[in-house]
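A.B. asks: I'd like to ask you about the structure that follows.
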Amino acid sequence: MKVAIAVHGRFHAFDLARGLHTRDALSQVATTYPAFVARRWLPAPIRLSTAPWLEAWRRLYGRVPLLPAPDPALAVAFGRFAARTLPEGADLLVGWSSASLEAIPAARSRGMRVVIERGSTHIQHQTEILTAEYARLGLGRAPTPPALVERELSEYEQADAIAVPSRFAASTFVARGVPATKVIVNPLGVDRGRFAVPVKAGTGKPRILFAGEIGVRKGIAHLLEAFASLSAGAELHLVGPVEPGFEVILARCSLAGVILHGPLSGTALVRAYANADIFCLPSIEEGFGMVLGEAMAAGLPVVATSVTGASELIESGREGILVPPADVPALRDALRALIDDSANRARMGAAARARLDKGLSWNDYAERALDAYRAVLGHLG
């Protein structure tokens, strides 16, 4: 079996590609990343097909005058690129959602099967949740262009299977009429060695860490509200870029005890985990928060909403605490419980690190993916 991957960006596609490559099951990776950038993650033997002009378009939008909006035009352009550059001899296309529609008929014409990789919930579920939250916050913007919603619905319909990273994400597909047999559930992995840090000394105010986009989808408005009454006894460190337009929400929130770091990567990101005592992911919509595994590798107890894929990783009360999305009192109580109990933090953090030994490496992820692809080819072939 040979698998072709098509991804507009990187996401977890490069981790999948490495796993398939080591099993002699990878044909090619098509990406918007320039080749010299992609090679930071992908070894030289892996065949690349790159469209760096599309990545430049995405990154320069808003900074270059007259440059058209990338959505949905960039998705269409990449779909066409992926269709033109499908490799000979591949049996299966794994294409990232919203940017693979044009490649599906091209793959079919070559006798290939198609798996759409969707890193989040069903696009309609996501849109409904986010639309309501943007309205509640008075931001008045559409979170997902309607054309992208229609593209994804077409991809779901035409694909042989849809891969998602959590049971919760899968449930949103089934709730909208997608047969459960068409949905592959494969939790993502983590590079445990990269984020493993020594046990913390536990001095000073406990530090709560969030990593990700500081915006609506990640539930930051709820986190700031929950933390407002906790700031005397803890610090809240927010790592990541601020969503455009979310500055108005930050301006009307109390930021006492809140430290905004901006985006961090490499050793700076690892250091942020190392310096933290608690990790919090308060998303209102998510497929699987990869940062959860990173935090657990760093030995942090996790406070997360039940829609983040956290239920794949933690048992509430053991490796962390699960709370309902958008439930500020529950989020506040969970954070307070860990702030006030250093022994419980240490116990949960140790359990979180140990949990990663149970099927949560990128090697485990690749094995599960390969098994699922064999089933798609065997069932339909």
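The chains in the structure tokens are called A, B, ... from first to last as shown; in each chain the residues are counted from 1, and the ligands are counted from 1 in the order shown.
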May I have all residues of stretch 55-115 of chain A that DSSP, computed from the backbone, assigns to alpha helix (DSSP H), given as a PyMOL selection string?
C.D. replies: chain A and resi 55-60+73-84+103-109
A.B. asks: Can you pull out the residues contacting A:Ala234? Cut-off 6 Å, using only C-alpha atoms, and skip same-chain residues under 6 positions away; I want them as JSON, numbers by chain.
C.D. replies: {"A": [205, 206, 207]}
A.B. asks: Output N, CA and C atoms for every residue in that selection, as a PDB file, in the first residue's frame.
C.D. replies:
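Saved to part_33.pdb:
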```pdb
ATOM      1  N   LYS A 205       4.081  31.434  43.288  1.00  0.00           N
ATOM      2  CA  LYS A 205       2.684  31.260  42.914  1.00  0.00           C
ATOM      3  C   LYS A 205       2.560  30.187  41.839  1.00  0.00           C
ATOM      4  N   PRO A 206       1.565  29.319  41.942  1.00  0.00           N
ATOM      5  CA  PRO A 206       1.358  28.343  40.872  1.00  0.00           C
ATOM      6  C   PRO A 206       1.089  29.041  39.541  1.00  0.00           C
ATOM      7  N   ARG A 207       1.672  28.496  38.484  1.00  0.00           N
ATOM      8  CA  ARG A 207       1.496  29.057  37.143  1.00  0.00           C
ATOM      9  C   ARG A 207       0.546  28.185  36.331  1.00  0.00           C
TER      10      ARG A 207
END
```
A.B. asks: Using atom CA of A:Gly257 and atom CA of A:Glu235 as the two end points, give the distance in Å to one decimal.
C.D. replies: 5.0 Å
A.B. asks: Looking at A:Leu331, A:Leu16, A:Glu55, A:Ala6, which one is nearest to A:Tyr33, with distances taken over only C-alpha atoms?
C.D. replies: A:Glu55
A.B. asks: Rounded to one decimal, what separation in Å do you get between atom CA of A:Phe227 and atom CA of A:Thr121?
C.D. replies: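 Pair atom CA of A:Phe227 / atom CA of A:Thr121 returns 27.2 Å.
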A.B. asks: Output as a Markdown table one row per residue of stretch 197-299 of chain A within 12 Å of stretch 357-376 of chain A: the closest atom pair and its distance in Å to one decimal place, counting only C-alpha atoms, sorted by chain and residue number ascending.
C.D. replies:
```
| residue | atom | partner | partner_atom | distance |
| --- | --- | --- | --- | --- |
| A:Met290 | CA | A:Leu360 | CA | 10.9 |
| A:Leu292 | CA | A:Leu360 | CA | 11.2 |
| A:Gly293 | CA | A:Leu360 | CA | 8.1 |
| A:Glu294 | CA | A:Leu360 | CA | 10.9 |
| A:Met296 | CA | A:Leu360 | CA | 10.8 |
| A:Ala297 | CA | A:Asp357 | CA | 9.9 |
```
A.B. asks: Which one is closest to A:Asn186: A:Leu66, A:Ala169, A:Ala35, A:Ala352? Count only C-alpha atoms.
C.D. replies: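 Looking only at the distances to A:Asn186, the closest residue turns out to be A:Ala169.
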A.B. asks: Using DSSP on the backbone, list every residue of stretch 131-269 of chain A that comes out as strand (DSSP E or B), and give them as a short mmCIF file (atom, residue, chain, number, x, y, z; two decimals) with N, CA and C atoms, in the first residue's frame.
C.D. replies:
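result26.cif, freshly written:
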```cif
data_model
loop_
_atom_site.label_atom_id
_atom_site.label_comp_id
_atom_site.auth_asym_id
_atom_site.auth_seq_id
_atom_site.Cartn_x
_atom_site.Cartn_y
_atom_site.Cartn_z
N ALA A 161 -13.77 7.53 3.54
CA ALA A 161 -13.73 7.57 5.01
C ALA A 161 -13.30 8.96 5.45
N ILE A 162 -13.64 9.28 6.69
CA ILE A 162 -13.27 10.56 7.31
C ILE A 162 -12.53 10.24 8.59
N ALA A 163 -11.31 10.73 8.73
CA ALA A 163 -10.51 10.47 9.93
C ALA A 163 -10.59 11.66 10.87
N VAL A 164 -10.92 11.40 12.13
CA VAL A 164 -10.99 12.44 13.16
C VAL A 164 -10.19 11.97 14.37
N VAL A 183 -16.42 6.71 9.70
CA VAL A 183 -15.59 7.60 10.50
C VAL A 183 -14.48 6.82 11.20
N ILE A 184 -13.24 7.22 10.97
CA ILE A 184 -12.07 6.65 11.62
C ILE A 184 -11.71 7.53 12.81
N VAL A 185 -11.58 6.93 13.99
CA VAL A 185 -11.14 7.68 15.17
C VAL A 185 -9.71 7.29 15.50
N VAL A 190 2.18 12.39 20.56
CA VAL A 190 2.99 13.45 21.15
C VAL A 190 4.44 12.99 21.17
N ARG A 207 1.67 28.50 38.48
CA ARG A 207 1.50 29.06 37.14
C ARG A 207 0.55 28.19 36.33
N ILE A 208 -0.50 28.80 35.84
CA ILE A 208 -1.42 28.14 34.91
C ILE A 208 -0.98 28.51 33.50
N LEU A 209 -0.83 27.51 32.65
CA LEU A 209 -0.39 27.75 31.27
C LEU A 209 -1.49 27.40 30.29
N PHE A 210 -1.69 28.29 29.31
CA PHE A 210 -2.48 27.99 28.13
C PHE A 210 -1.58 28.18 26.93
N ALA A 211 -1.67 27.27 25.93
CA ALA A 211 -0.91 27.41 24.68
C ALA A 211 -1.84 27.19 23.51
N ILE A 214 -5.03 32.72 21.09
CA ILE A 214 -5.76 33.43 22.14
C ILE A 214 -6.98 34.07 21.49
N GLU A 235 -0.75 32.70 38.80
CA GLU A 235 -0.50 33.45 37.57
C GLU A 235 -1.08 32.68 36.40
N LEU A 236 -1.54 33.41 35.41
CA LEU A 236 -2.05 32.81 34.17
C LEU A 236 -1.16 33.24 33.03
N HIS A 237 -0.51 32.29 32.39
CA HIS A 237 0.40 32.57 31.28
C HIS A 237 -0.26 32.11 29.98
N LEU A 238 -0.46 33.05 29.07
CA LEU A 238 -1.08 32.77 27.78
C LEU A 238 -0.01 32.81 26.70
N VAL A 239 0.20 31.68 26.04
CA VAL A 239 1.22 31.56 25.00
C VAL A 239 0.53 31.35 23.66
N VAL A 242 -2.62 36.33 19.25
CA VAL A 242 -3.97 36.81 19.54
C VAL A 242 -4.78 36.81 18.25
N VAL A 258 -2.23 38.11 34.70
CA VAL A 258 -2.19 37.47 33.38
C VAL A 258 -0.96 37.95 32.63
N ILE A 259 -0.20 37.03 32.09
CA ILE A 259 0.99 37.36 31.30
C ILE A 259 0.80 36.83 29.90
N LEU A 260 0.84 37.72 28.90
CA LEU A 260 0.73 37.32 27.50
C LEU A 260 2.13 37.25 26.91
N HIS A 261 2.49 36.08 26.41
CA HIS A 261 3.84 35.85 25.90
C HIS A 261 3.95 35.99 24.39
N GLY A 262 2.83 35.94 23.68
CA GLY A 262 2.91 35.86 22.23
C GLY A 262 3.28 34.46 21.80
#
```
A.B. asks: Please identify every residue of stretch 66-182 of chain A that has at least one atom no farther than 12 Å from an atom of stretch 26-31 of chain A, counting only C-alpha atoms, and for each give the shortest atom pair and the distance in Å to one decimal, arranged by chain then increasing number, as CSV.
C.D. replies:
```
residue,atom,partner,partner_atom,distance
A:Ala75,CA,A:Thr31,CA,11.7
A:Ala77,CA,A:Thr31,CA,11.8
A:Phe78,CA,A:Thr31,CA,8.4
A:Gly79,CA,A:Ala30,CA,10.2
A:Arg80,CA,A:Ala30,CA,11.4
A:Phe81,CA,A:Ala30,CA,8.5
A:Ala82,CA,A:Ala30,CA,6.5
A:Ala83,CA,A:Ala30,CA,9.9
A:Arg84,CA,A:Ala30,CA,10.4
A:Thr85,CA,A:Ala30,CA,7.7
A:Leu86,CA,A:Gln28,CA,8.2
A:Pro87,CA,A:Gln28,CA,6.8
A:Glu88,CA,A:Ser27,CA,8.5
A:Gly89,CA,A:Ser27,CA,7.9
A:Ala90,CA,A:Ser27,CA,6.2
A:Asp91,CA,A:Ser27,CA,9.0
A:Leu92,CA,A:Ser27,CA,9.3
A:Leu93,CA,A:Ser27,CA,9.6
A:Val94,CA,A:Val29,CA,9.6
A:Gly95,CA,A:Ala30,CA,9.3
A:Trp96,CA,A:Thr31,CA,10.2
A:Ala99,CA,A:Thr31,CA,10.7
A:Ser100,CA,A:Ala30,CA,10.9
A:Ala103,CA,A:Ala30,CA,11.3
```
A.B. asks: Tell me, as a PyMOL selection string, which residues lie within 12 Å of A:Glu225, counting only C-alpha atoms; anything in the same chain fewer than 4 positions away does not count.
C.D. replies: chain A and resi 219-221+229-231+236+249-250+252-256+258+282+326-332
A.B. asks: Leaving out A:Ala295 and any residue of its chain fewer than 5 positions from it, which residues lie within 10 Å of it when counting only C-alpha atoms, given as a list in words?
C.D. replies: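 Once the adjacent positions are removed, what remains is Val190, Arg192, Phe195, Ala196, Leu209, Phe210, Ala211, Val270, Ala272, Tyr273, Ala274, Ala276, Asp277, Ile278, Phe279, Cys280, Met290, Leu300, Pro301, Val302, Gly349, Ala352 and Arg353 of chain A.
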A.B. asks: Could you jot down the atom CA of A:Gly212 to atom CA of A:Val197 separation for me, Å, one decimal place?
C.D. replies: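 Going from atom CA of A:Gly212 over to atom CA of A:Val197 covers 20.1 Å.
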A.B. asks: Produce a table with one row for each residue of stretch 225-310 of chain A that has an atom at most 10 Å from any atom of stretch 128-148 of chain A, each row naming the nearest atom pair and its distance in Å at one decimal; use only C-alpha atoms; arrange rows by chain and rising residue number; format as CSV.
C.D. replies:
```
residue,atom,partner,partner_atom,distance
A:Gly245,CA,A:Leu139,CA,7.6
A:Phe246,CA,A:Leu139,CA,8.1
A:Val248,CA,A:Leu139,CA,8.7
A:Ile249,CA,A:Leu137,CA,7.7
A:Ile284,CA,A:Ile129,CA,7.5
A:Glu285,CA,A:Ile129,CA,7.0
```
A.B. asks: My list of candidates is A:Gly287, A:Gln158, A:Arg336, A:Lys2. Which is closest to A:Gly233 when distances are computed with only C-alpha atoms?
C.D. replies: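 The shortest atom-to-atom distance to A:Gly233 comes from A:Arg336.
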